[in-house]
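Quick notes on the structure that follows.
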Amino acid sequence: MKRLFPILSVLTAIFLAYAFYQAWWVAPTDAQQGDVYRIIYYHVPSAWTAFLLFFINFIASIQYLASGKASTRTAAKWIVTVIGVAGVIACFLPPAQRLIPAGMRPSAVATTVLLIPIFYFVIGWLFPGDRLDVLAVTTAEVGVVFCTIVLVTGPIWARPVWGIWWAPGDIRLTSTLVLWLIYVSYLVLRRFSNSAQTELLAAALAVFGALDVPLVYFSIWFFRTQHPQPVIGGGGSMDPRMLDTLLISWMAFLCFAFLVCWSRFRLELLHREIEEAHAMESLGGAAAGASLPLSRSAR
Amino acid sequence: MTQAAKPAITVNNVVKQFGRFAALRGVTAEFDEGRFHAILGENGAGKTTLLRALAGLAQPTRGEISIFGKSPREGCREIGYMAHPSLLYDEMSGMENLRYFASLYGVADNKTRCAEVTRSVGLDPDLTRAVGQYSQGMRQRMSLARAILHDPRVLLLDEPFSNVDVHSAQAMVGLLKGMRDAGKTVFVITHQAALLEGVADEFVWMQAGQIVDRTSTLAREGLQ
Amino acid sequence: MNSLWAVTMATLVKDIRLEWRSKDALNAMLFFSLLVVVIFMFSFDPLAEESRHIVGGLVWVSFLFASVTALNQTWARELRNQVLDAYRVSPAPANALFLAKALGNFIFVSVLEALMTPLFVIFYNVRVLGPAWQLIPIALLGTWALVVNGTFFAAMSIRTRSREIMLPLLLFPVSIPAVIAMVAGTTSILTGEESAHFYLVLLLTYDVVFTTACLALFGTILHAE
């Protein structure tokens, strides 16, 4: 592990440099926006990375909440599997297909839905017990950073191109803002909580946040159809070379995010180990107690 | 008695930590039913934490507690808890408080039972004064009434006699003695151990998060 | 189920009785609500042509701030003398306590709204151009949306430092879709420019989703140390 990290860091740095090169020189200049549009290669990959991290946080939080009792654990596994299977099948049935927004293929939506159980089981396998909570903290913090980048680059891009800093009806930017607010409040709760069950409280808040996001999306979507607003980012198809650069950029960002998360994860584990060691020390002679497992609700 | 009574309460290597501080450091003990246990010790010895763990208000970091074979929260009907704060609403009268708590426990014949319990602690059920205006002695007695309202098998009382006049204290001791005689298991944390001499079946001494001694009289080398 | 309902009602009655007896808090909150309306009146010109378009927003923002002050002190009563411990130690279901608090808050905030609304109508000369009856379900669903999450997050804030500021910090982000629906719905009814149907459905969905989430997770919050 100790040698892997510096090697990966160097590789990631090279990858990021390559992505930068691609974004600045290789990708063609946009016909309408000129060179300003190149910020998209930071704006969009940051957004995708942030969403991915928050999604992982959501899955980890649900699992953490469910892992309390054996019954809830099994129930959660079944529910998640059913969602995956039913969701995939439903995407190909006519009634559901009408609900899918124009421009998205049913197979794309099906794949996204399938990700839910896949992530659930993979994360549950890779991060047992308390590590779920460590993962939750890590992804929340790093996610907020990337989300901040999105919210900063968004207006910077919008101003020269569309003449406005912000459009309240812009569904993507506004949804991102709400997501940012939710996760900042999540981090504040973690910091300010003096409960022994901070992890449970935070997990509950993450679930609330996750339930909130689709509702935000729909409320703004409808509002915008009634009150036409300028759309930042524009629709339309993309030059394949631009798409390539975007994907390269995203891969580089993912590597970087992975490194930062790994580092933060290790830091948090170390921090908890130190706390545990201090606690053990204060137990003094009661070393016999160390052999019993930590009871769930006290964590 | 041909066979030993099954222990009513077992505490199995219970550890309770608050961050770095260990309030309980591996407490193991068994307590029989129908006995009166006085818990003594210096401040910070872990007495309150132990009682709260028995009541199900504090989850042990490690170890287990079983009360009549169930966890404290599962067996909450059998437990009556009284703490240092009164656990009563200051703006309501004694009877109003009791009637509310009786509804939480689903006590049948709510009004009669509340009046009966109020009288048993030596207070007048018709008193309409708000609890916030009671004297400390009255408030403690009303708090005790709340704890015994649902006829629990185990009583957990945290410093019931503190700042209480002698008359009220003696009335409470008398009541508790009666409850022990009726088969209830009573735990009392107190700094006024003399009040319980001759009444308590056992004195449990705690120090630094552990039980260090269990005696049948107050005589003990060193302490108190 | 019987016990859930019985305990909920007993707790609700108890809370109303307590609220009635400590009228200071009630009066202070009513006066605060009045002040909010007046401040808005001075900040946003009521004679402007577009006032009808912004009244919806002003009304709901003022309700939001007024309800936060009410929500904050809901649990304060249970923390005095640690009465909450008495509830936690009892076999009474956690959800009964939640429902009772949420219903109590709902009643209380509705009272505040009922007092503030006429003031807005007067100061802003509000005339409803759309179907006025639709304002009632919007008000009911919207108030419940604020109150149900507010009660939940207020309970969460008990276990934090800076309790009073934590509640709005946690509540506002999650309430955004509800606020959008409330404001847009109210505006659409006042101006009569569009149907509020979608917003009503959205509020209903929001209420159902979050009431379920609160009921599912409240036990965990209540028993957290």
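Going through the structure tokens in order, the chains are called A, B, and so on, while each chain numbers its residues from 1 and the ligands are numbered from 1 in the order shown.
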Requested in this report: Taking only C-alpha atoms into account, report as a PyMOL selection string which residues of chain C lie within 8 Å of chain A.
Outcome: chain C and resi 156-157+159-162+166+169-170+173-174+176-177+180-181+184+198-199+202+206+209-210+213+217+220-221+224-225
Go ahead and save the picked residues with C-alpha atoms, as a PDB file, in the first residue's frame.
ATOM      1  CA  MET C 156     -31.820  15.437  15.611  1.00  0.00           C
ATOM      2  CA  SER C 157     -30.519  18.821  16.721  1.00  0.00           C
ATOM      3  CA  ARG C 159     -27.821  15.873  20.105  1.00  0.00           C
ATOM      4  CA  THR C 160     -25.750  18.725  18.705  1.00  0.00           C
ATOM      5  CA  ARG C 161     -24.042  21.860  19.878  1.00  0.00           C
ATOM      6  CA  SER C 162     -25.633  25.111  18.692  1.00  0.00           C
ATOM      7  CA  MET C 166     -28.704  23.369  13.472  1.00  0.00           C
ATOM      8  CA  LEU C 169     -29.229  24.311   8.646  1.00  0.00           C
ATOM      9  CA  LEU C 170     -30.631  20.815   8.306  1.00  0.00           C
ATOM     10  CA  PRO C 173     -31.827  22.330   2.045  1.00  0.00           C
ATOM     11  CA  VAL C 174     -34.168  19.348   2.289  1.00  0.00           C
ATOM     12  CA  ILE C 176     -36.309  23.268  -1.131  1.00  0.00           C
ATOM     13  CA  PRO C 177     -38.579  21.215  -3.408  1.00  0.00           C
ATOM     14  CA  ILE C 180     -40.643  25.659  -4.728  1.00  0.00           C
ATOM     15  CA  ALA C 181     -43.962  23.831  -4.943  1.00  0.00           C
ATOM     16  CA  ALA C 184     -45.078  28.409  -7.328  1.00  0.00           C
ATOM     17  CA  PHE C 198     -48.713  19.707 -10.648  1.00  0.00           C
ATOM     18  CA  TYR C 199     -47.565  21.518  -7.517  1.00  0.00           C
ATOM     19  CA  LEU C 202     -45.568  17.342  -5.947  1.00  0.00           C
ATOM     20  CA  TYR C 206     -43.114  15.115  -0.880  1.00  0.00           C
ATOM     21  CA  VAL C 209     -42.130  10.296   1.000  1.00  0.00           C
ATOM     22  CA  PHE C 210     -40.835  12.248   3.949  1.00  0.00           C
ATOM     23  CA  ALA C 213     -38.899   8.381   6.020  1.00  0.00           C
ATOM     24  CA  LEU C 217     -36.029   6.609  11.161  1.00  0.00           C
ATOM     25  CA  THR C 220     -33.102   5.654  15.805  1.00  0.00           C
ATOM     26  CA  ILE C 221     -33.006   9.385  16.510  1.00  0.00           C
ATOM     27  CA  ALA C 224     -29.471   8.043  20.184  1.00  0.00           C
ATOM     28  CA  GLU C 225     -27.492   9.089  23.218  1.00  0.00           C
TER      29      GLU C 225
END
Report task. For stretch 48-58 of chain A, list every protein, DNA or RNA residue within 7 Å, evaluated using only C-alpha atoms, and leave out those in the same chain fewer than 3 positions away; present the list as a list in words. Result ->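 Everything that qualifies: Val44, Pro45, Ser61, Ile62, Ala136, Thr139, Ala140, Gly143, Phe146, Cys147, Ala206, Val207, Ala210 and Leu254 of chain A.
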Query raised in the report: If we count only C-alpha atoms, what is near stretch 183-193 of chain B at a cut-off of 9 Å, once residues fewer than 4 positions away on the same chain are taken out, given as number ranges by chain?
Result: B: 8, 31-42, 47-48, 51, 152-162, 176-179, 197, 200, 203, 218, 224
Mind dumping the selected residues with N, CA and C atoms as a tab-separated table (two decimals), in the first residue's frame?
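Generated file (part.tsv):
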chain	number	residue	atom	x	y	z
B	8	ALA	N	-32.04	-12.19	38.95
B	8	ALA	CA	-32.98	-11.37	38.21
B	8	ALA	C	-32.25	-10.55	37.16
B	31	PHE	N	-27.52	-10.05	40.29
B	31	PHE	CA	-28.36	-9.56	41.38
B	31	PHE	C	-29.62	-10.40	41.45
B	32	ASP	N	-29.95	-10.84	42.68
B	32	ASP	CA	-31.14	-11.66	42.85
B	32	ASP	C	-32.39	-10.80	42.91
B	33	GLU	N	-33.51	-11.49	42.67
B	33	GLU	CA	-34.79	-10.76	42.73
B	33	GLU	C	-35.17	-10.51	44.17
B	34	GLY	N	-35.94	-9.46	44.37
B	34	GLY	CA	-36.51	-9.21	45.70
B	34	GLY	C	-35.51	-8.74	46.74
B	35	ARG	N	-34.39	-8.18	46.27
B	35	ARG	CA	-33.41	-7.68	47.23
B	35	ARG	C	-33.21	-6.19	47.05
B	36	PHE	N	-32.74	-5.55	48.12
B	36	PHE	CA	-32.56	-4.10	48.14
B	36	PHE	C	-31.06	-3.84	48.07
B	37	HIS	N	-30.59	-3.28	46.97
B	37	HIS	CA	-29.17	-3.02	46.80
B	37	HIS	C	-28.90	-1.53	46.87
B	38	ALA	N	-28.00	-1.10	47.75
B	38	ALA	CA	-27.58	0.29	47.81
B	38	ALA	C	-26.26	0.40	47.06
B	39	ILE	N	-26.17	1.33	46.12
B	39	ILE	CA	-24.94	1.49	45.35
B	39	ILE	C	-24.21	2.73	45.85
B	40	LEU	N	-23.00	2.53	46.31
B	40	LEU	CA	-22.25	3.63	46.91
B	40	LEU	C	-20.93	3.83	46.18
B	41	GLY	N	-20.37	5.01	46.37
B	41	GLY	CA	-19.07	5.28	45.76
B	41	GLY	C	-18.86	6.76	45.60
B	42	GLU	N	-17.64	7.14	45.28
B	42	GLU	CA	-17.35	8.57	45.09
B	42	GLU	C	-18.00	9.07	43.81
B	47	LYS	N	-21.54	5.10	39.01
B	47	LYS	CA	-22.82	4.61	39.55
B	47	LYS	C	-23.98	5.00	38.64
B	48	THR	N	-24.01	6.28	38.27
B	48	THR	CA	-25.13	6.74	37.44
B	48	THR	C	-25.09	6.05	36.08
B	51	LEU	N	-26.52	2.62	36.35
B	51	LEU	CA	-27.97	2.64	36.48
B	51	LEU	C	-28.64	2.95	35.15
B	152	PRO	N	-43.52	-1.77	38.44
B	152	PRO	CA	-42.39	-2.49	37.84
B	152	PRO	C	-41.79	-3.49	38.82
B	153	ARG	N	-41.11	-4.49	38.29
B	153	ARG	CA	-40.46	-5.47	39.15
B	153	ARG	C	-39.09	-5.00	39.63
B	154	VAL	N	-38.51	-4.06	38.86
B	154	VAL	CA	-37.18	-3.55	39.23
B	154	VAL	C	-37.26	-2.04	39.36
B	155	LEU	N	-36.70	-1.53	40.45
B	155	LEU	CA	-36.67	-0.08	40.64
B	155	LEU	C	-35.24	0.40	40.59
B	156	LEU	N	-34.99	1.42	39.77
B	156	LEU	CA	-33.65	1.98	39.65
B	156	LEU	C	-33.73	3.44	40.07
B	157	LEU	N	-33.17	3.79	41.19
B	157	LEU	CA	-33.31	5.14	41.72
B	157	LEU	C	-31.95	5.78	41.89
B	158	ASP	N	-31.77	6.93	41.27
B	158	ASP	CA	-30.49	7.62	41.31
B	158	ASP	C	-30.57	8.79	42.27
B	159	GLU	N	-29.95	8.65	43.44
B	159	GLU	CA	-29.92	9.69	44.47
B	159	GLU	C	-31.31	10.26	44.77
B	160	PRO	N	-32.23	9.41	45.23
B	160	PRO	CA	-33.58	9.89	45.52
B	160	PRO	C	-33.65	10.81	46.73
B	161	PHE	N	-32.66	10.73	47.63
B	161	PHE	CA	-32.76	11.48	48.88
B	161	PHE	C	-31.97	12.79	48.86
B	162	SER	N	-31.39	13.14	47.73
B	162	SER	CA	-30.52	14.32	47.75
B	162	SER	C	-31.34	15.58	47.93
B	176	LEU	N	-39.94	2.24	50.02
B	176	LEU	CA	-39.06	1.32	49.28
B	176	LEU	C	-38.90	0.00	50.02
B	177	LYS	N	-38.81	0.10	51.33
B	177	LYS	CA	-38.69	-1.12	52.13
B	177	LYS	C	-39.92	-1.99	51.91
B	178	GLY	N	-41.09	-1.34	51.90
B	178	GLY	CA	-42.33	-2.07	51.66
B	178	GLY	C	-42.32	-2.74	50.30
B	179	MET	N	-41.78	-2.05	49.32
B	179	MET	CA	-41.75	-2.62	47.97
B	179	MET	C	-40.81	-3.82	47.93
B	197	GLU	N	-29.21	1.97	56.32
B	197	GLU	CA	-28.68	0.95	57.20
B	197	GLU	C	-29.82	0.20	57.85
B	200	ALA	N	-31.31	-1.87	53.61
B	200	ALA	CA	-30.73	-2.48	52.41
B	200	ALA	C	-30.21	-3.88	52.73
B	203	PHE	N	-24.81	-3.70	50.21
B	203	PHE	CA	-24.19	-2.44	49.79
B	203	PHE	C	-23.17	-2.76	48.71
B	218	LEU	N	-22.79	-1.62	56.43
B	218	LEU	CA	-22.05	-0.43	56.02
B	218	LEU	C	-20.59	-0.46	56.43
B	224	GLN	N	-15.97	5.61	53.54
B	224	GLN	CA	-17.27	6.01	54.06
B	224	GLN	C	-17.65	5.43	55.41
Requested in this report: With a distance threshold of 7 Å and counting only C-alpha atoms, extract the residues of chain C near chain B and express them as a PyMOL selection string.
Outcome: chain C and resi 7+10+18+81-83+86+89-92+225
Report task. Could you please write out, as JSON, numbers by chain, every residue of stretch 29-214 of chain B that DSSP assigns to strand (DSSP E)? Result -> {"B": [29, 30, 31, 36, 37, 38, 39, 40, 41, 62, 63, 64, 65, 66, 67, 79, 80, 81, 82, 154, 155, 156, 157, 158, 185, 186, 187, 188, 189, 202, 203, 204, 205, 206, 207, 210, 211, 212, 213, 214]}
Kindly assemble as a tab-separated table a list of the chain B residues that lie within 7 Å of chain A, each paired with its nearest atom pair and their distance in Å to one decimal, using only C-alpha atoms, sorted first by chain and then by ascending residue number.
residue	atom	partner	partner_atom	distance
B:Asn13	CA	A:Gly289	CA	6.4
B:Gly19	CA	A:Ala279	CA	6.8
B:Arg20	CA	A:Ala279	CA	4.4
B:Phe21	CA	A:Ser282	CA	6.4
B:Ala22	CA	A:Leu283	CA	5.9
B:Arg25	CA	A:Leu283	CA	5.6
B:Gly26	CA	A:Ala286	CA	5.8
B:Gln59	CA	A:Ala298	CA	5.7
B:Pro60	CA	A:Ala298	CA	6.4
B:Thr61	CA	A:Ala298	CA	5.1
B:Arg62	CA	A:Leu294	CA	5.1
B:Gly63	CA	A:Leu292	CA	6.8
Query raised in the report: When you draw a straight line from atom CA of B:Phe18 to atom CA of B:Leu50, how long is it in Å?
Result: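 The value is 13.2 Å.
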List every residue of stretch 60-295 of chain A that DSSP, applied to the backbone, labels as helix (DSSP H, G or I), and write the result as an mmCIF file with C-alpha atoms, in the first residue's frame.
data_model
loop_
_atom_site.group_PDB
_atom_site.id
_atom_site.type_symbol
_atom_site.label_atom_id
_atom_site.label_comp_id
_atom_site.auth_asym_id
_atom_site.auth_seq_id
_atom_site.Cartn_x
_atom_site.Cartn_y
_atom_site.Cartn_z
ATOM 1 C CA ALA A 60 -23.112 3.380 2.223
ATOM 2 C CA SER A 61 -25.533 5.317 4.471
ATOM 3 C CA ILE A 62 -28.444 3.029 3.658
ATOM 4 C CA GLN A 63 -26.336 -0.025 4.296
ATOM 5 C CA TYR A 64 -25.092 1.417 7.551
ATOM 6 C CA LEU A 65 -28.630 2.073 8.724
ATOM 7 C CA ALA A 66 -29.736 -1.379 7.648
ATOM 8 C CA ALA A 70 -29.981 -8.997 10.851
ATOM 9 C CA SER A 71 -33.608 -8.640 9.789
ATOM 10 C CA THR A 72 -33.130 -5.162 8.342
ATOM 11 C CA ARG A 73 -29.962 -6.273 6.603
ATOM 12 C CA THR A 74 -31.732 -9.094 4.780
ATOM 13 C CA ALA A 75 -34.739 -6.921 4.020
ATOM 14 C CA ALA A 76 -32.507 -4.219 2.521
ATOM 15 C CA LYS A 77 -30.730 -6.748 0.320
ATOM 16 C CA TRP A 78 -34.014 -8.048 -1.018
ATOM 17 C CA ILE A 79 -35.427 -4.584 -1.624
ATOM 18 C CA VAL A 80 -32.331 -3.477 -3.490
ATOM 19 C CA THR A 81 -32.340 -6.601 -5.655
ATOM 20 C CA VAL A 82 -36.008 -6.150 -6.481
ATOM 21 C CA ILE A 83 -35.448 -2.503 -7.386
ATOM 22 C CA GLY A 84 -32.647 -3.519 -9.715
ATOM 23 C CA VAL A 85 -34.527 -6.322 -11.433
ATOM 24 C CA ALA A 86 -37.877 -4.568 -11.631
ATOM 25 C CA GLY A 87 -36.285 -1.325 -12.746
ATOM 26 C CA VAL A 88 -34.417 -2.980 -15.584
ATOM 27 C CA ILE A 89 -37.479 -4.831 -16.806
ATOM 28 C CA ALA A 90 -39.681 -1.783 -16.455
ATOM 29 C CA CYS A 91 -37.438 0.304 -18.670
ATOM 30 C CA PRO A 94 -44.160 0.708 -23.006
ATOM 31 C CA PRO A 95 -45.846 2.531 -20.105
ATOM 32 C CA ALA A 96 -42.544 3.234 -18.400
ATOM 33 C CA GLN A 97 -40.890 4.218 -21.623
ATOM 34 C CA ARG A 98 -43.164 7.180 -21.911
ATOM 35 C CA LEU A 99 -41.865 8.457 -18.602
ATOM 36 C CA PRO A 106 -34.117 2.825 -22.227
ATOM 37 C CA SER A 107 -30.977 0.731 -22.048
ATOM 38 C CA ALA A 108 -29.071 3.659 -20.544
ATOM 39 C CA VAL A 109 -31.705 4.127 -17.852
ATOM 40 C CA ALA A 110 -31.783 0.363 -17.251
ATOM 41 C CA THR A 111 -28.034 0.305 -16.769
ATOM 42 C CA THR A 112 -28.250 3.180 -14.297
ATOM 43 C CA VAL A 113 -30.949 1.403 -12.314
ATOM 44 C CA LEU A 114 -28.905 -1.801 -12.338
ATOM 45 C CA LEU A 115 -26.045 0.123 -10.756
ATOM 46 C CA ILE A 116 -28.003 0.421 -7.515
ATOM 47 C CA PRO A 117 -27.878 -3.257 -6.466
ATOM 48 C CA ILE A 118 -24.421 -3.674 -7.995
ATOM 49 C CA PHE A 119 -23.015 -0.830 -5.941
ATOM 50 C CA TYR A 120 -24.895 -2.010 -2.886
ATOM 51 C CA PHE A 121 -23.386 -5.470 -2.889
ATOM 52 C CA VAL A 122 -19.900 -4.412 -3.966
ATOM 53 C CA ILE A 123 -19.694 -1.698 -1.323
ATOM 54 C CA GLY A 124 -21.093 -4.033 1.306
ATOM 55 C CA TRP A 125 -18.453 -6.573 0.424
ATOM 56 C CA LEU A 126 -15.502 -4.182 0.259
ATOM 57 C CA ARG A 131 -15.869 1.008 7.326
ATOM 58 C CA LEU A 132 -19.189 1.865 5.725
ATOM 59 C CA ASP A 133 -19.317 4.931 7.881
ATOM 60 C CA VAL A 134 -15.717 5.855 7.114
ATOM 61 C CA LEU A 135 -16.573 5.533 3.429
ATOM 62 C CA ALA A 136 -19.604 7.765 3.959
ATOM 63 C CA VAL A 137 -17.540 10.530 5.559
ATOM 64 C CA THR A 138 -14.860 10.294 2.882
ATOM 65 C CA THR A 139 -17.185 10.434 -0.088
ATOM 66 C CA ALA A 140 -19.209 13.240 1.470
ATOM 67 C CA GLU A 141 -16.171 15.444 2.016
ATOM 68 C CA VAL A 142 -14.534 14.816 -1.333
ATOM 69 C CA GLY A 143 -17.892 15.051 -3.050
ATOM 70 C CA VAL A 144 -18.494 18.490 -1.559
ATOM 71 C CA VAL A 145 -15.142 19.656 -2.907
ATOM 72 C CA PHE A 146 -15.958 18.530 -6.434
ATOM 73 C CA CYS A 147 -19.450 19.925 -6.132
ATOM 74 C CA THR A 148 -17.976 23.280 -5.170
ATOM 75 C CA ILE A 149 -15.857 23.184 -8.322
ATOM 76 C CA VAL A 150 -19.021 22.624 -10.365
ATOM 77 C CA LEU A 151 -20.810 25.548 -8.723
ATOM 78 C CA VAL A 152 -17.833 27.863 -9.207
ATOM 79 C CA THR A 153 -17.058 26.897 -12.804
ATOM 80 C CA GLY A 154 -20.718 27.035 -13.770
ATOM 81 C CA PRO A 155 -21.208 30.786 -13.340
ATOM 82 C CA ILE A 156 -17.701 31.478 -14.647
ATOM 83 C CA TRP A 157 -18.679 29.716 -17.847
ATOM 84 C CA ALA A 158 -22.158 31.167 -17.998
ATOM 85 C CA ARG A 159 -21.248 34.831 -17.698
ATOM 86 C CA PRO A 160 -19.181 35.348 -20.856
ATOM 87 C CA VAL A 161 -21.233 32.956 -22.949
ATOM 88 C CA TRP A 162 -24.847 33.585 -21.968
ATOM 89 C CA ILE A 171 -32.242 22.474 -13.683
ATOM 90 C CA ARG A 172 -28.777 21.009 -13.536
ATOM 91 C CA LEU A 173 -27.041 23.858 -11.798
ATOM 92 C CA THR A 174 -29.841 24.373 -9.300
ATOM 93 C CA SER A 175 -30.095 20.664 -8.487
ATOM 94 C CA THR A 176 -26.360 20.659 -7.959
ATOM 95 C CA LEU A 177 -26.676 23.604 -5.611
ATOM 96 C CA VAL A 178 -29.280 21.806 -3.528
ATOM 97 C CA LEU A 179 -27.113 18.695 -3.444
ATOM 98 C CA TRP A 180 -24.208 20.836 -2.272
ATOM 99 C CA LEU A 181 -26.346 22.403 0.458
ATOM 100 C CA ILE A 182 -27.544 19.018 1.647
ATOM 101 C CA TYR A 183 -24.055 17.610 1.916
ATOM 102 C CA VAL A 184 -22.632 20.697 3.559
ATOM 103 C CA SER A 185 -25.373 20.378 6.174
ATOM 104 C CA TYR A 186 -24.376 16.701 6.442
ATOM 105 C CA LEU A 187 -20.796 17.689 7.219
ATOM 106 C CA VAL A 188 -21.934 20.351 9.678
ATOM 107 C CA LEU A 189 -24.079 17.779 11.473
ATOM 108 C CA ARG A 190 -21.095 15.466 11.754
ATOM 109 C CA ARG A 191 -18.956 18.203 13.185
ATOM 110 C CA PHE A 192 -21.506 19.611 15.619
ATOM 111 C CA THR A 198 -23.417 10.528 15.180
ATOM 112 C CA GLU A 199 -22.956 8.023 12.375
ATOM 113 C CA LEU A 200 -26.590 6.971 12.529
ATOM 114 C CA LEU A 201 -27.836 10.555 12.544
ATOM 115 C CA ALA A 202 -25.658 11.436 9.574
ATOM 116 C CA ALA A 203 -26.753 8.334 7.684
ATOM 117 C CA ALA A 204 -30.381 9.293 8.276
ATOM 118 C CA LEU A 205 -29.690 12.767 6.906
ATOM 119 C CA ALA A 206 -27.993 11.291 3.829
ATOM 120 C CA VAL A 207 -31.092 9.207 3.153
ATOM 121 C CA PHE A 208 -33.277 12.292 3.439
ATOM 122 C CA GLY A 209 -30.981 14.116 1.062
ATOM 123 C CA ALA A 210 -31.118 11.289 -1.453
ATOM 124 C CA LEU A 211 -34.914 11.236 -1.335
ATOM 125 C CA ASP A 212 -34.916 14.982 -1.820
ATOM 126 C CA VAL A 213 -32.852 15.202 -4.988
ATOM 127 C CA PRO A 214 -35.333 13.662 -7.442
ATOM 128 C CA LEU A 215 -38.037 15.880 -5.978
ATOM 129 C CA VAL A 216 -35.868 18.958 -6.504
ATOM 130 C CA TYR A 217 -35.239 17.891 -10.080
ATOM 131 C CA PHE A 218 -38.916 17.501 -10.863
ATOM 132 C CA SER A 219 -39.987 20.685 -9.151
ATOM 133 C CA ILE A 220 -37.513 22.764 -11.130
ATOM 134 C CA TRP A 221 -38.252 20.852 -14.334
ATOM 135 C CA PHE A 222 -41.927 21.702 -14.121
ATOM 136 C CA PHE A 223 -41.259 25.269 -13.065
ATOM 137 C CA ARG A 224 -39.032 25.713 -16.079
ATOM 138 C CA THR A 225 -41.579 24.359 -18.532
ATOM 139 C CA GLN A 226 -43.994 26.995 -17.275
ATOM 140 C CA PRO A 240 -16.996 13.384 -31.170
ATOM 141 C CA ARG A 241 -13.542 14.779 -30.471
ATOM 142 C CA MET A 242 -14.990 16.950 -27.739
ATOM 143 C CA LEU A 243 -16.736 13.922 -26.283
ATOM 144 C CA ASP A 244 -13.478 12.002 -26.297
ATOM 145 C CA THR A 245 -11.691 14.782 -24.470
ATOM 146 C CA LEU A 246 -14.535 14.988 -21.998
ATOM 147 C CA LEU A 247 -14.269 11.305 -21.232
ATOM 148 C CA ILE A 248 -10.497 11.473 -20.899
ATOM 149 C CA SER A 249 -10.918 14.389 -18.554
ATOM 150 C CA TRP A 250 -13.451 12.472 -16.529
ATOM 151 C CA MET A 251 -11.219 9.429 -16.220
ATOM 152 C CA ALA A 252 -8.393 11.643 -15.009
ATOM 153 C CA PHE A 253 -10.692 13.294 -12.472
ATOM 154 C CA LEU A 254 -11.879 9.904 -11.272
ATOM 155 C CA CYS A 255 -8.318 8.785 -10.686
ATOM 156 C CA PHE A 256 -7.626 11.951 -8.775
ATOM 157 C CA ALA A 257 -10.826 11.561 -6.756
ATOM 158 C CA PHE A 258 -9.913 7.974 -6.000
ATOM 159 C CA LEU A 259 -6.516 9.019 -4.687
ATOM 160 C CA VAL A 260 -7.945 11.769 -2.503
ATOM 161 C CA CYS A 261 -10.627 9.437 -1.162
ATOM 162 C CA TRP A 262 -8.119 6.733 -0.445
ATOM 163 C CA SER A 263 -5.945 9.172 1.414
ATOM 164 C CA ARG A 264 -8.858 10.539 3.431
ATOM 165 C CA PHE A 265 -10.147 7.043 4.118
ATOM 166 C CA ARG A 266 -6.801 5.983 5.522
ATOM 167 C CA LEU A 267 -6.596 9.148 7.569
ATOM 168 C CA GLU A 268 -10.005 8.536 9.095
ATOM 169 C CA LEU A 269 -9.157 4.905 9.855
ATOM 170 C CA LEU A 270 -5.960 6.003 11.590
ATOM 171 C CA HIS A 271 -7.830 8.648 13.536
ATOM 172 C CA ARG A 272 -10.330 6.083 14.747
ATOM 173 C CA GLU A 273 -7.594 3.655 15.661
ATOM 174 C CA ILE A 274 -5.950 6.316 17.784
ATOM 175 C CA GLU A 275 -9.226 7.076 19.550
ATOM 176 C CA GLU A 276 -9.736 3.380 20.116
ATOM 177 C CA ALA A 277 -6.231 3.054 21.552
ATOM 178 C CA HIS A 278 -6.828 5.966 23.914
ATOM 179 C CA ALA A 279 -10.115 4.441 24.989
ATOM 180 C CA MET A 280 -8.457 1.080 25.588
ATOM 181 C CA GLU A 281 -5.797 2.797 27.653
ATOM 182 C CA SER A 282 -8.369 4.435 29.884
ATOM 183 C CA LEU A 283 -9.917 1.054 30.483
ATOM 184 C CA ALA A 287 -8.244 -5.751 29.244
ATOM 185 C CA ALA A 288 -10.521 -8.766 29.341
ATOM 186 C CA GLY A 289 -13.256 -6.564 27.970
ATOM 187 C CA ALA A 290 -11.306 -6.072 24.772
ATOM 188 C CA SER A 291 -12.110 -9.553 23.576
#
Query raised in the report: Between C:Leu115, C:Ile136, C:Leu35, C:Leu97, which has the minimum distance to C:Thr74 (counting only C-alpha atoms)?
Result: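 Smallest separation from C:Thr74 among the options: C:Leu97.
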Report task. To one decimal in Å, tell me the separation between atom CA of C:Gly185 and atom CA of C:Ala155. Result ->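 Separation between atom CA of C:Gly185 and atom CA of C:Ala155: 29.4 Å.
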Query raised in the report: Could you pull the residues within 12 Å of B:Arg113, counting only C-alpha atoms, minus those fewer than 2 positions along the same chain, as a PyMOL selection string?
Result: chain B and resi 95+98-99+101-103+106-111+115-120+125+145-146+148-151
